[in-house]
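Engineer: Below is the file protein-v9.csv, which contains CSV, C-alpha atoms.
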```csv
chain,number,residue,atom,x,y,z
A,5,MET,CA,49.9,-23.6,89.6
A,6,SER,CA,52.0,-25.5,87.1
A,7,PHE,CA,54.0,-22.7,85.6
A,8,LYS,CA,57.7,-22.1,86.4
A,9,ALA,CA,57.0,-19.3,88.8
A,10,MET,CA,55.2,-21.6,91.3
A,11,ALA,CA,57.9,-21.4,93.9
A,12,TRP,CA,58.0,-17.6,93.7
A,13,ALA,CA,54.2,-17.4,93.8
A,14,THR,CA,53.9,-19.8,96.7
A,15,GLU,CA,56.5,-17.7,98.6
A,16,GLN,CA,54.4,-14.7,98.0
A,17,GLU,CA,51.3,-16.6,99.2
A,18,MET,CA,49.0,-15.3,96.5
A,19,THR,CA,45.9,-16.5,94.9
A,20,HIS,CA,46.1,-16.6,91.1
A,21,PRO,CA,43.3,-15.1,89.0
A,22,ASN,CA,43.4,-18.1,86.6
A,23,GLN,CA,41.7,-20.0,89.5
A,24,ALA,CA,38.7,-17.7,89.1
A,25,ARG,CA,38.2,-18.2,85.4
A,26,ASP,CA,36.8,-20.9,83.1
A,27,ASN,CA,39.9,-22.6,81.7
A,28,THR,CA,38.0,-25.2,79.7
A,29,VAL,CA,38.8,-23.7,76.2
A,30,ILE,CA,42.1,-21.9,77.1
A,31,SER,CA,43.7,-25.0,78.5
A,32,GLN,CA,43.1,-26.9,75.2
A,33,MET,CA,44.7,-24.2,73.0
A,34,LYS,CA,48.0,-24.9,71.3
A,35,PRO,CA,50.8,-22.4,71.2
A,36,LYS,CA,50.0,-21.5,67.5
A,37,ASP,CA,46.5,-20.7,68.6
A,38,ILE,CA,47.7,-18.3,71.3
A,39,ILE,CA,50.7,-16.4,69.9
A,40,LYS,CA,50.3,-14.8,66.5
A,41,LYS,CA,53.9,-13.4,66.2
A,42,TRP,CA,56.7,-11.9,68.1
A,43,GLU,CA,57.3,-8.2,67.4
A,44,LYS,CA,60.3,-6.3,68.7
A,45,GLY,CA,60.5,-8.5,71.8
A,46,SER,CA,56.7,-8.3,72.5
A,47,VAL,CA,54.1,-10.9,71.8
A,48,VAL,CA,51.1,-10.4,69.6
A,49,PHE,CA,48.3,-12.7,70.7
A,50,THR,CA,45.8,-14.2,68.3
A,51,LYS,CA,42.2,-12.8,68.1
A,52,GLU,CA,40.9,-16.3,69.0
A,53,PHE,CA,43.0,-16.3,72.2
A,54,ARG,CA,42.1,-12.8,73.1
A,55,TYR,CA,38.4,-13.7,72.7
A,56,GLU,CA,38.7,-16.9,74.8
A,57,LEU,CA,40.6,-15.2,77.6
A,58,TRP,CA,38.0,-12.4,77.7
A,59,LYS,CA,35.2,-14.9,77.9
A,60,ALA,CA,37.1,-17.0,80.4
A,61,HIS,CA,37.3,-14.0,82.7
A,62,HIS,CA,33.5,-13.4,82.3
A,63,GLU,CA,34.2,-10.3,80.1
A,64,LYS,CA,35.6,-8.4,83.2
A,65,CYS,CA,38.9,-7.1,84.5
A,66,ALA,CA,40.3,-9.7,86.9
A,67,TYR,CA,41.6,-6.9,89.2
A,68,CYS,CA,38.8,-4.3,89.4
A,69,GLY,CA,35.8,-6.2,87.9
A,70,MET,CA,35.0,-3.6,85.4
A,71,SER,CA,33.1,-4.9,82.4
A,72,LEU,CA,35.3,-5.0,79.3
A,73,GLU,CA,33.2,-4.1,76.2
A,74,SER,CA,35.2,-6.5,73.9
A,75,SER,CA,38.3,-8.6,73.7
A,76,ALA,CA,39.8,-5.9,71.5
A,77,ILE,CA,39.9,-3.3,74.3
A,78,MET,CA,41.1,-5.8,76.9
A,79,CYS,CA,44.7,-5.8,78.0
A,80,ILE,CA,46.4,-9.1,78.5
A,81,ASP,CA,48.4,-8.9,81.7
A,82,HIS,CA,51.1,-11.2,83.0
A,83,PHE,CA,49.9,-11.8,86.6
A,84,ILE,CA,53.4,-12.6,87.7
A,85,PRO,CA,55.4,-9.9,85.8
A,86,GLN,CA,57.1,-11.3,82.7
A,87,SER,CA,60.4,-9.7,84.0
A,88,LYS,CA,60.3,-12.2,86.9
A,89,ILE,CA,59.5,-15.4,84.9
A,90,LEU,CA,60.4,-14.6,81.3
A,91,ASN,CA,57.7,-16.6,79.6
A,92,ASN,CA,54.2,-16.3,78.2
A,93,ASP,CA,52.7,-19.3,79.9
A,94,VAL,CA,48.9,-19.2,79.3
A,95,GLU,CA,48.3,-19.9,83.0
A,96,ASN,CA,49.9,-16.6,83.9
A,97,LEU,CA,48.0,-14.5,81.4
A,98,ILE,CA,44.8,-12.7,82.5
A,99,ALA,CA,42.3,-10.2,81.3
A,100,SER,CA,42.6,-6.7,82.7
A,101,CYS,CA,41.4,-3.2,81.9
A,102,LYS,CA,43.8,-0.6,80.6
A,103,ARG,CA,43.8,1.4,83.8
A,104,CYS,CA,44.7,-1.6,86.0
A,105,ASN,CA,47.2,-2.9,83.5
A,106,SER,CA,48.9,0.6,83.5
A,107,ILE,CA,48.9,1.0,87.3
A,108,LYS,CA,50.2,-2.6,87.8
A,109,GLY,CA,53.0,-2.4,85.3
A,110,LYS,CA,55.9,-4.7,86.5
A,111,ASN,CA,55.0,-4.4,90.1
A,112,ASP,CA,54.2,-7.2,92.5
A,113,MET,CA,50.6,-7.6,93.6
A,114,GLU,CA,50.8,-6.0,97.0
A,115,TYR,CA,52.5,-2.8,95.6
A,116,PHE,CA,49.9,-2.8,92.8
A,117,ARG,CA,47.1,-3.2,95.4
A,118,PHE,CA,48.5,-0.2,97.3
A,119,SER,CA,49.0,1.9,94.1
A,120,LEU,CA,45.4,1.2,93.1
A,121,ALA,CA,44.2,2.3,96.5
A,122,VAL,CA,46.2,5.5,96.2
A,123,SER,CA,44.8,6.2,92.7
A,124,ASN,CA,41.2,5.6,94.1
A,125,SER,CA,41.7,8.0,97.0
A,126,VAL,CA,41.5,11.7,97.3
A,127,LEU,CA,45.3,11.7,97.1
A,128,CYS,CA,45.3,10.7,93.5
A,129,GLY,CA,47.5,13.1,91.6
A,130,VAL,CA,48.7,14.7,94.8
A,131,ILE,CA,51.1,12.0,96.1
A,132,LEU,CA,52.9,9.1,94.5
A,133,PRO,CA,52.3,5.6,95.9
A,134,ASN,CA,56.0,5.1,96.9
A,135,VAL,CA,55.9,8.4,98.9
A,136,ALA,CA,52.5,7.5,100.5
A,137,LYS,CA,54.0,4.1,101.5
A,138,LYS,CA,57.0,5.8,103.1
A,139,LEU,CA,54.7,8.2,105.0
A,140,ILE,CA,52.6,5.3,106.3
A,141,ASP,CA,55.7,3.3,107.2
A,142,ILE,CA,56.8,6.2,109.5
A,143,GLY,CA,53.3,6.4,111.1
A,144,VAL,CA,51.5,9.1,109.1
A,145,GLU,CA,47.8,8.2,108.6
A,146,LEU,CA,46.5,8.7,105.1
A,147,PRO,CA,43.0,8.3,103.7
A,148,ILE,CA,43.8,5.1,101.7
A,149,THR,CA,41.8,1.9,101.7
A,150,GLU,CA,43.1,-1.2,100.1
A,151,LYS,CA,40.4,-3.4,98.5
A,152,THR,CA,40.0,-7.0,97.5
A,153,PHE,CA,40.6,-7.7,93.9
A,154,TYR,CA,37.7,-8.9,91.8
A,155,PHE,CA,39.3,-12.4,91.3
A,156,GLU,CA,39.7,-12.7,95.0
A,157,THR,CA,36.1,-12.0,95.5
A,158,LEU,CA,35.1,-14.7,93.0
A,159,LEU,CA,37.3,-17.1,94.9
A,160,GLY,CA,35.7,-16.2,98.2
A,161,GLY,CA,38.8,-14.7,99.7
A,162,ALA,CA,39.7,-11.3,100.9
A,163,LYS,CA,43.0,-9.5,101.1
```
In structure tokens, write the structure found in this file.
Structural biologist:
Amino acid sequence: MSFKAMAWATEQEMTHPNQARDNTVISQMKPKDIIKKWEKGSVVFTKEFRYELWKAHHEKCAYCGMSLESSAIMCIDHFIPQSKILNNDVENLIASCKRCNSIKGKNDMEYFRFSLAVSNSVLCGVILPNVAKKLIDIGVELPITEKTFYFETLLGGAK
């Protein structure tokens, strides 16, 4: 990784989804080809960048592997939350579905993995992930199974 969060990411011992995508076109893009404008503190990405990011991720969500019908419905996620690194480095931007992007929010990857597992379990809507985590920490067994992210599968790794 070459972006500023490298030390933080290394400390967390994570694999980055940009390692599982085809970066050929994206790495050649200039900032003006990526960011269209800033709007109320948020970034609006160009259609060209959205399309290339979508294609680079094989038209799938990097987290769950769900097929994304088009680049228009794809969410662009900051793998390492923007609140932790305060930039829009292209190496940290990945394709995700709306569901995964919503569940991840500003959380780190392991909390996101756990939250996704809770939302995929029979406990979805019954218990919040933070409560489930506390129960597990005190020894309560819950029917929750954490899974490998799609990008980890592509890289040949497992959680």
Engineer: For a test of reading the model, state the distance in Å between atom CA of A:Ile80 and atom CA of A:His20, rounded to one decimal.
Structural biologist: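 Here the two named atoms are 14.7 Å from each other.
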Engineer: Please list as an MDAnalysis selection string every residue within 12 Å of stretch 105-115 of chain A, counting only C-alpha atoms and excluding residues in the same chain fewer than 5 positions away.
Structural biologist: chainID A and resid 12:13 16:21 65:68 77:89 97:100 120:124 132:134 136:137 150:153 163
Engineer: So the first atom is atom CA of A:Val126 and the second is atom CA of A:Ile142; what is the distance between them in Å, to one decimal place?
Structural biologist: 20.3 Å
Engineer: Got a sec: who's within 12 Å of stretch 25-38 of chain A, counting all atoms listed in the file, leaving out chain neighbours fewer than 6 positions off, as a PyMOL selection string?
Structural biologist: chain A and resi 6+47-66+80+92-99+154-156+158-159
Engineer: Between atom CA of A:Glu145 and atom CA of A:Gly129, what is the distance in Å, rounded to a tenth?
Structural biologist: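 A separation of 17.7 Å between them.
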Engineer: Ranking A:Gly69, A:Thr157, A:Ser75, A:Val135 by minimum distance to A:Phe118 and counting all atoms listed in the file, which one comes first?
Structural biologist: A:Val135
Engineer: Could you write out as lines of an AutoDock Vina configuration file the box around stretch 150-155 of chain A (axis-aligned, all atoms listed in the file, 4 Å on each side), with centre and edge lengths in Å to one decimal?
Structural biologist:
```
center_x = 40.4
center_y = -6.8
center_z = 95.7
size_x = 13.4
size_y = 19.2
size_z = 16.8
```
